[in-house]
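Listing of work.pdb; format and content: PDB, C-alpha atoms.
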ATOM      1  CA  ARG A1364      56.018  52.063  48.627
ATOM      2  CA  GLY A1365      58.172  53.791  46.066
ATOM      3  CA  ALA A1366      57.959  50.778  43.759
ATOM      4  CA  TRP A1367      54.174  50.744  44.101
ATOM      5  CA  ARG A1368      53.932  54.415  43.158
ATOM      6  CA  ALA A1369      56.217  53.952  40.168
ATOM      7  CA  ILE A1370      54.758  50.636  39.000
ATOM      8  CA  PRO A1371      51.174  50.032  40.123
ATOM      9  CA  GLY A1372      50.572  46.306  40.352
ATOM     10  CA  VAL A1373      54.162  45.383  41.205
ATOM     11  CA  TYR A1374      53.008  43.592  44.360
ATOM     12  CA  GLU A1375      50.858  41.226  42.294
ATOM     13  CA  LEU A1376      53.850  39.929  40.325
ATOM     14  CA  PRO A1377      55.043  36.455  41.367
ATOM     15  CA  LEU A1378      58.239  36.417  43.431
ATOM     16  CA  GLN A1379      60.668  34.075  41.720
ATOM     17  CA  GLU A1380      63.922  34.592  43.540
ATOM     18  CA  ILE A1381      65.581  36.748  46.182
ATOM     19  CA  TRP A1382      69.279  37.444  46.086
ATOM     20  CA  CYS A1383      71.545  40.097  47.559
ATOM     21  CA  GLY A1384      75.076  40.977  46.618
ATOM     22  CA  PHE A1385      77.500  43.837  46.424
ATOM     23  CA  ARG A1386      77.423  43.873  42.636
ATOM     24  CA  PRO A1387      74.359  42.967  40.601
ATOM     25  CA  GLY A1388      74.934  39.700  38.812
ATOM     26  CA  SER A1389      72.667  37.070  37.338
ATOM     27  CA  ARG A1390      72.560  33.339  37.834
ATOM     28  CA  ASP A1391      73.945  32.761  34.323
ATOM     29  CA  ASN A1392      76.561  35.544  34.659
ATOM     30  CA  ALA A1393      75.128  37.545  31.744
ATOM     31  CA  PRO A1394      73.408  40.926  32.016
ATOM     32  CA  ILE A1395      69.618  41.121  32.082
ATOM     33  CA  LEU A1396      68.535  43.645  29.465
ATOM     34  CA  GLY A1397      65.110  44.323  28.050
ATOM     35  CA  GLU A1398      61.393  44.417  28.621
ATOM     36  CA  THR A1399      59.958  42.313  31.421
ATOM     37  CA  GLU A1400      56.691  40.382  31.382
ATOM     38  CA  MET A1401      55.080  43.645  32.478
ATOM     39  CA  PRO A1402      54.633  45.591  29.221
ATOM     40  CA  GLY A1403      56.570  48.851  29.194
ATOM     41  CA  PHE A1404      58.761  47.901  32.187
ATOM     42  CA  PHE A1405      62.381  47.572  31.058
ATOM     43  CA  ILE A1406      65.394  46.576  33.144
ATOM     44  CA  ALA A1407      69.137  46.770  32.593
ATOM     45  CA  THR A1408      71.044  45.022  35.365
ATOM     46  CA  GLY A1409      73.352  42.116  36.072
ATOM     47  CA  HIS A1410      76.565  43.458  34.554
ATOM     48  CA  TYR A1411      78.423  42.495  37.758
ATOM     49  CA  ARG A1412      81.752  44.324  37.896
ATOM     50  CA  ASN A1413      81.607  45.410  34.239
ATOM     51  CA  GLY A1414      78.602  47.694  34.594
ATOM     52  CA  ILE A1415      80.677  50.852  34.576
ATOM     53  CA  LEU A1416      82.343  49.734  31.344
ATOM     54  CA  ASN A1417      79.189  48.534  29.609
ATOM     55  CA  THR A1418      76.849  51.356  30.608
ATOM     56  CA  PRO A1419      77.283  53.419  27.404
ATOM     57  CA  VAL A1420      76.545  50.556  25.001
ATOM     58  CA  THR A1421      73.760  49.257  27.246
ATOM     59  CA  ALA A1422      72.136  52.690  27.176
ATOM     60  CA  VAL A1423      72.262  52.855  23.369
ATOM     61  CA  TYR A1424      70.639  49.451  22.863
ATOM     62  CA  MET A1425      68.106  49.856  25.676
ATOM     63  CA  ALA A1426      67.042  53.232  24.250
ATOM     64  CA  GLU A1427      66.568  51.585  20.860
ATOM     65  CA  ALA A1428      64.456  48.810  22.409
ATOM     66  CA  ILE A1429      62.257  51.304  24.241
ATOM     67  CA  VAL A1430      61.821  53.707  21.315
ATOM     68  CA  GLU A1431      61.352  51.049  18.621
ATOM     69  CA  GLY A1432      59.151  48.809  20.770
ATOM     70  CA  ARG A1433      61.268  45.733  20.123
ATOM     71  CA  PRO A1434      64.789  44.748  21.131
ATOM     72  CA  PRO A1435      67.653  45.005  18.669
ATOM     73  CA  GLU A1436      68.996  41.579  17.748
ATOM     74  CA  ILE A1437      72.056  42.037  19.964
ATOM     75  CA  LEU A1438      69.862  42.241  23.094
ATOM     76  CA  VAL A1439      67.804  39.102  22.455
ATOM     77  CA  PRO A1440      70.174  36.695  24.305
ATOM     78  CA  PHE A1441      70.050  38.966  27.377
ATOM     79  CA  SER A1442      66.260  39.135  27.667
ATOM     80  CA  PRO A1443      64.794  38.859  31.180
ATOM     81  CA  ARG A1444      62.445  36.247  29.688
ATOM     82  CA  ARG A1445      65.339  33.819  29.105
ATOM     83  CA  PHE A1446      64.844  32.557  32.658
ATOM     84  CA  ASP A1447      61.280  31.469  31.793
ATOM     85  CA  ARG A1448      62.636  28.628  29.643
TER
END
Give the structure from this file in structure tokens form.
Amino acid sequence: RGAWRAIPGVYELPLQEIWCGFRPGSRDNAPILGETEMPGFFIATGHYRNGILNTPVTAVYMAEAIVEGRPPEILVPFSPRRFDR
């Protein structure tokens, strides 16, 4: 319910994968950083055990992506859309 209140329409998005772990990781072992297919919805996850170390630099680049409306070049390889390929 909380997700629905925060992001109307979230239930209409296609479910692609379910995974649970103690530390958020991705299937290619790289963080997932950037805007999703839902315009204006950004995520920063998948750092695995290095999240605490990478949080400051992630915050700087994610803020730039959100404010500028496009990701800085350094974030492009970590786009959530890379899994669409």
Translate the PyMOL selection byres ((chain A and resi 1397) around 7), as applied to the file shown, into an explicit residue set as a ChimeraX atom specification. /A:1395-1396,1398-1399,1405-1407,1425,1434,1442-1443
Kindly resolve the PyMOL selection byres ((chain A and resi 1365-1374) around 12) on the present coordinates and return the residues as number ranges by chain. A: 1364, 1375-1378, 1399-1405
Reference answer for the PyMOL selection byres ((chain A and resi 1394) around 10), as a VMD selection string: chain A and resid 1387 to 1393 1395 to 1397 1406 to 1411 1413 to 1414 1417 1421 1438 1440 to 1443
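A straight line drawn from atom CA of A:Phe1385 to atom CA of A:Arg1412 is 9.5 Å long.
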Taking only C-alpha atoms into account, which of A:Ile1415, A:Trp1382, A:Arg1448, A:Val1423 comes nearest A:Pro1435? A:Val1423
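The interatomic distance for the pair atom CA of A:Cys1383 and atom CA of A:Phe1446 works out to 18.0 Å.
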Provide the atom CA of A:Gly1432 to atom CA of A:Thr1418 distance in Å, to one decimal place.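 Pair atom CA of A:Gly1432 / atom CA of A:Thr1418 returns 20.4 Å.
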Padding 6 Å on every side, please: axis-aligned box over the listed atoms of stretch 1371-1389 of chain A, centre and edge lengths to one decimal in Å, as AutoDock Vina command-line options.
--center_x 64.0 --center_y 42.1 --center_z 42.4 --size_x 38.9 --size_y 28.0 --size_z 22.2
